[in-house]
Structures are given as C-alpha cells and as structure tokens.
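Structure first, then comments.
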Amino acid sequence: MKHRIIVLGAGYTGAVAAGRLARRLRPEDVAITLVNAEPDFVERVRMHQLAVGQDLRTRPFSEMFADTGVELKLAKVTGVDVDSRTVTVDGANGAQELAYDTLVYALGSGWNTQGVPGISEHAHDITGRPGALRLRERLAGLDAGEPVVVVGGGLTGLEAATEIAETRPDLDVALAVRGGLGDWLSPKGRAHVRMVCARLGVTVHENTSVTGVAAGHVTTADGTSLPAAVTVWTTGFAVHPIARATTLEVDGTGRIVVDGTMRSVSHPDVYAIGDAAMAMGPGDKPLRMSCASGTPTAWQAADSIAARLTGGKLPDMPLRYFNQCISLGRKDGLIQYVTADDRAVRAALTGRIAAVYKELVCKGAAWGVVNPLLGMPTRARRLAQDRTGVSPTVR
C-alpha cells in the first residue's frame with residue numbers, strides 16, 4: 001500500500017512542498033494529494049499590484065503538476081482530525097473525508113482585524129485574491145481627490161500605499177502607522193521610505209492607532225477622524241483557524257508548534273510550514289509570517305519527510321534571513337539587509353535597482369513554485385522497508 005501524503009494549501013509553501021516531495025519520492029511508493037480551493041497559483045506578494053488594476057499571469061495547477069505524480073484536489077478544507085488522521089474537504093462533489101499517513105499543513109493566514117470595530121464591514125484586505133479584486137473594483141470607482149487610508153506600516157502597508165499613490169496620483173492617499181514610519185529599518189532605509197512617500201504625495205500619520213473604521217472615515221485613539229472613502233487594513237496576519245480546533249499543540253496565535261524539521265511536537269505524522277508554523281529561527285526567535293520564512297520551511301519539511309521515509313539523513317539547513325524586499329511602486333524599492341535573526345543592518349539598496357531586485361525575487365519565487373521538479377539533481381529514493389515488506393510510518 002502506498003504511503004499517503006496530503007498537503008493542505010497550495011500557496012508558496014504548500015505547492016513547493018508537494019513538488020519537492022514528488023521529486024524526492026517514487027510514485028510507486030507514495031500517493032501525494034495537494035488540496036486547494038482555487039485552481040491556479042496566486043502570487044500573494046503581488047496582491048497590491050492586482051488591487052490597482054495590474055493583471056497577473058495565470059498559472060494553473062493542472063499544468064504545474066502535470067506528470068509529477070501529485071494529485072490535485074480542488075476543495076475547501078473544512079476540518080482536520082489528527083487523532084484519526086483524516087481531513088474533511090468540501091469540493092464539487094460535496095463533502096469528502098481523506099485519510100493520510102503524513103499530513104503537511106500549509107493553510108497559511110489571512111488578514112487580522114485585531115478586533116477593531118467596523119473592519120469587516122468597511123475595510124478592504126489584500127491578503128488574498130478575492131480581497132484584492134474587491135479593492136480593485138472599489139478603487140476604480142473613485143473620483144479624483146477622494147481619500148484612501150492604508151492602515152499599517154509594515155511591508156504590506158508600505159507597498160499598498162505607494163502602489164496606489166503611484167497608479168492613482170489623483171487620489172488623496174494616507175498611511176496610518178502605529179509607530180514611526182519604517183522604524184524597524186536602517187537610517188538609510190527609513191530616509192528612503194520617507195522620501196518616496198513624500199514624492200508620491202502619501203500623507204503619513206505616525207504614532208497613530210486606528211480604533212474604529214466606518215463608512216467614509218477612520219477614528220484614531222486620540223479621537224481624530226481621518227476621511228476615508230476607502231480603507232485598506234494591513235496590520236498583520238491571522239492564521240487559518242482550523243489548527244486551533246484540533247488536538248495539535250498550538251501557540252497563542254493558533255500556529256502549530258514544530259521542531260527544527262517542521263514536524264509537530266505533539267503529532268509526529270503532521271508537519272506545518274509557512275505562516276501556519278510556530279518555528280524557531282536564529283537567536284531562538286520565532287520566524288515571522290512571510291514568504292521569506294515560508295519557502296525554507298517547505299524545503300525543510302519535504303526533505304525531512306523524505307529522509308524519514310527512506311531512511312536517509314535528516315536535513316540540517318539553517319533557517320535564517322538575508323534581507324527584506326519592499327516595492328515602493330513599480331519604479332522604486334528598498335532592499336534592507338538584515339542579520340540572520342532579521343534585524344536591520346546599515347546596508348540597503350534603494351531606488352530603481354532595488355525595484356529590479358525585488359521583481360527578480362518575486363519572479364524567482366514564482367518560478368520555484370511553477371517548476372517544482374527542476375533544479376533538484378537528487379533522484380527519487382525508495383521507501384525503507386521493514387522485515388514484513390510494509391512501508392513504515394514516519395518516525
């Protein structure tokens with residue numbers, strides 16, 4: 001009987017993990033099923049581009065995984081029972097229960113409303129394609145001079161505000177940040193972000209906490225009302241809630257606690273990757289939710305699963321950071337170099353060269369997903385056999 005591997009979610013991490021497993025293991029020995037609600041790969045790091053009207057390339061999973069041995073199941077994951085090792089999904093044929101021997105949990109994250117009143121009713125998110133398309137339609141209907149407020153001064157907020165301002169210079173774009181603008185960046189990085197915002201006409205409200213969102217305005221902690229025909233909420237991510245509803249050990253945010261091989265510390269037949277995993281990086285600091293963290297965790301999990309199944313050596317790849325890549329519109333950007341544990345150093349690239357660098361990073365990430373079997377010289381290995389000739393479960 002084949003060893004059944006189910007991968008939940010086909011974002012950057014899930015798609016990479018499924019493709020890497022298909023490369024590492026022989027199709028005669030394993031059955032790899034990739035479950036995803038959408039039929040094509042979504043470049044999440046480009047949602048701010050989609051929101052302002054740019055069209056993104058379509059990459060169907062049916063083409064990506066053709067002849068790889070990976071079975072694609074288009075369905076929404078509705079439940080996971082890690083004690084009975086089953087997954088419940090809802091697809092075109094209705095509800096279905098899938099059994100697994102090894103589970104790779106890559107359901108990722110969505111927007112985090114942080115309990116602020118009015119967000120669900122009046123704000124827009126760009127954590128996925130549906131939200132980005134709704135924002136796209138709303139922005140297209142705005143008249144010149146109407147106000148747009150982007151809430152959140154992290155990478156997503158900076159990219160959204162500058163992309164909107166560059167594409168629609170006729171709008172009044174503002175950015176509300178809880179602390180100082182780019183306060184985690186190097187002095188060079190902060191100065192460049194400030195300069196770009198000024199050049200694009202983005203009004204920055206620093207040290208400003210938004211406590212309420214309504215139709216036509218947002219309210220700040222000091223009672224100030226900022227006009228907002230459109231509010232874009234980008235203050236962080238919240239993980240998919242399914243893991244918290246299981247008996248898996250999770251942290252306070254609902255992320256699955258894993259060891260260095262991305263294996264659940266409570267259920268050894270479950271691996272979590274990307275935003276869904278509470279994984280520790282250099283300095284014993286949790287990895288942040290990002291593509292920069294997600295792809296290495298996918299490699300780590302896939303290689304660890306393959307090693308345990310085939311009796312090979314477990315990978316010992318350090319999970320570390322090198323830089324933070326920020327697009328500031330299509331013609332400008334910032335590459336902030338960081339320490340292994342993600343603290344900014346003095347060095348940074350800015351301007352046009354940084355924009356090109358960021359574009360290459362985005363294309364490279366998508367290429368790695370779309371071409372899951374290329375660039376890996378290691379041949380597929382047979383599963384280890386016990387004395388009865390039955391493939392063992394993951395140990």
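Following the order of the structure tokens, chains are lettered A, B, ..., residues in each are numbered from 1, and ligands are numbered from 1.
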
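Residues lying within 6 Å of Leu185 (chain A), counting only C-alpha atoms and ignoring same-chain neighbours fewer than 4 positions away, are Gly189, Arg190 and Ala344 of chain A.
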
Which of region 19-210 of chain A counts as alpha helix (DSSP H) under DSSP, as a PyMOL selection string please? chain A and resi 19-24+47-51+61-64+119-122+129-140+155-167+187-200

For Gly260 (chain A): contacts at 12 Å, only C-alpha atoms, fewer than 2 positions along chain excluded, given as a VMD selection string: chain A and resid 257 to 258 262 to 265 271 to 273 277 to 282 284 286 to 287 296 to 301 303 to 304 314 to 319

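Those residues that approach region 140-152 of chain A to within 6 Å, counting only C-alpha atoms, are Glu137, Gly157, Asp170, Leu171, Asp172, Val173, Ala174, Leu175, Ala176, Val177, Ala228, Ala229, Val230, Thr231, Val232, Trp233, Thr234 and Thr235 of chain A; same-chain residues fewer than 3 positions away are not listed.
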
Would you mind writing down, as a PyMOL selection string, each residue of region 183-385 of chain A that DSSP on the backbone assigns to strand (DSSP E or B)? chain A and resi 203-205+210-214+216-220+225-228+230-233+237-239+250+256-258+263-264+270-272+277-278+280+286+323-327+333-338+344-350+381

Set the distance at 12 Å and use only C-alpha atoms: which residues neighbour Gly368 (chain A) once local chain neighbours fewer than 3 positions away are removed? I'd like the list as a ChimeraX atom specification. /A:11-20,41,43,64,295-296,298-299,361-365,371-376

Any chance you could tabulate, as a tab-separated table, the residues of region 39-89 of chain A at most 12 Å from region 323-331 of chain A with each one's nearest atom pair and distance in Å to one decimal, using only C-alpha atoms, in chain and rising number order?
```
residue	atom	partner	partner_atom	distance
A:Val45	CA	A:Ser327	CA	10.0
A:Arg46	CA	A:Ser327	CA	9.7
A:Met47	CA	A:Ser327	CA	11.9
A:His48	CA	A:Gly329	CA	9.5
A:Gln49	CA	A:Gly329	CA	8.7
A:Val52	CA	A:Gly329	CA	10.6
A:Gln54	CA	A:Arg330	CA	10.8
```

Those same residues, written as an mmCIF file, in the first residue's frame with C-alpha atoms?
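Output saved as part_7.cif:
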```cif
data_model
loop_
_atom_site.group_PDB
_atom_site.id
_atom_site.type_symbol
_atom_site.label_atom_id
_atom_site.label_comp_id
_atom_site.auth_asym_id
_atom_site.auth_seq_id
_atom_site.Cartn_x
_atom_site.Cartn_y
_atom_site.Cartn_z
ATOM 1 C CA VAL A 45 3.241 39.062 -2.746
ATOM 2 C CA ARG A 46 1.685 40.838 -5.746
ATOM 3 C CA MET A 47 -1.803 41.434 -4.388
ATOM 4 C CA HIS A 48 -1.169 45.179 -4.105
ATOM 5 C CA GLN A 49 -0.458 45.174 -7.843
ATOM 6 C CA VAL A 52 -4.560 48.760 -8.507
ATOM 7 C CA GLN A 54 -2.498 45.293 -12.965
#
```

Tell me, as a compact mmCIF listing (two decimals) with C-alpha atoms, in the first residue's frame, which residues lie within 10 Å of Pro241 (chain A), counting only C-alpha atoms; anything in the same chain fewer than 2 positions away does not count.
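The result, stored in selection_22.txt:
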```
# COMPACT_ATOMS: atom_id res chain seq x y z
CA GLY A 79 -11.78 20.06 9.21
CA LEU A 107 -3.20 26.64 5.08
CA GLY A 108 -1.41 29.91 5.75
CA SER A 109 -3.03 33.07 7.03
CA GLY A 110 -5.48 35.83 6.27
CA ALA A 238 -4.05 35.81 11.45
CA VAL A 239 -3.55 32.09 10.85
CA ALA A 243 -5.44 24.05 13.55
CA ARG A 244 -6.70 25.59 16.79
CA ALA A 245 -9.79 23.36 16.60
CA THR A 246 -7.66 20.19 16.62
CA THR A 253 -1.98 32.75 17.88
CA GLY A 254 -3.07 29.32 16.65
CA ARG A 255 0.19 28.41 14.88
CA ALA A 276 0.87 28.07 9.93
```

Which neighbours of Glu121 (chain A) fall inside 9 Å, counting only C-alpha atoms, when residues of the same chain fewer than 4 positions from it are skipped, and could you give them as a compact mmCIF listing (two decimals) with N, CA and C atoms, in the first residue's frame?
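And here is the file that came out, result23.txt:
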```txt
# COMPACT_ATOMS: atom_id res chain seq x y z
N PRO A 117 -13.53 47.61 15.71
CA PRO A 117 -14.90 47.71 15.19
C PRO A 117 -14.95 48.29 13.77
N VAL A 213 -13.34 51.81 12.26
CA VAL A 213 -13.48 52.06 10.83
C VAL A 213 -14.97 52.18 10.52
N ALA A 214 -15.32 53.23 9.80
CA ALA A 214 -16.72 53.45 9.43
C ALA A 214 -16.77 53.81 7.95
N ALA A 215 -17.97 53.90 7.43
CA ALA A 215 -18.13 54.31 6.04
C ALA A 215 -17.73 55.77 5.91
```

Nearest residue to His217 (chain A) out of A:His122, A:Gly115, A:Ile5, A:Val42, using only C-alpha atoms?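 Under the stated criterion, the closest residue is A:His122.
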
Gap from CA of Arg136 (chain A) to CA of Val202 (chain A) - Å, one decimal: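 These two atoms are separated by 18.8 Å.
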
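With distances restricted to only C-alpha atoms, A:Val116 is the closest residue to Ala221 (chain A) from A:Ile353, A:Leu98, A:Val116, A:Val82.
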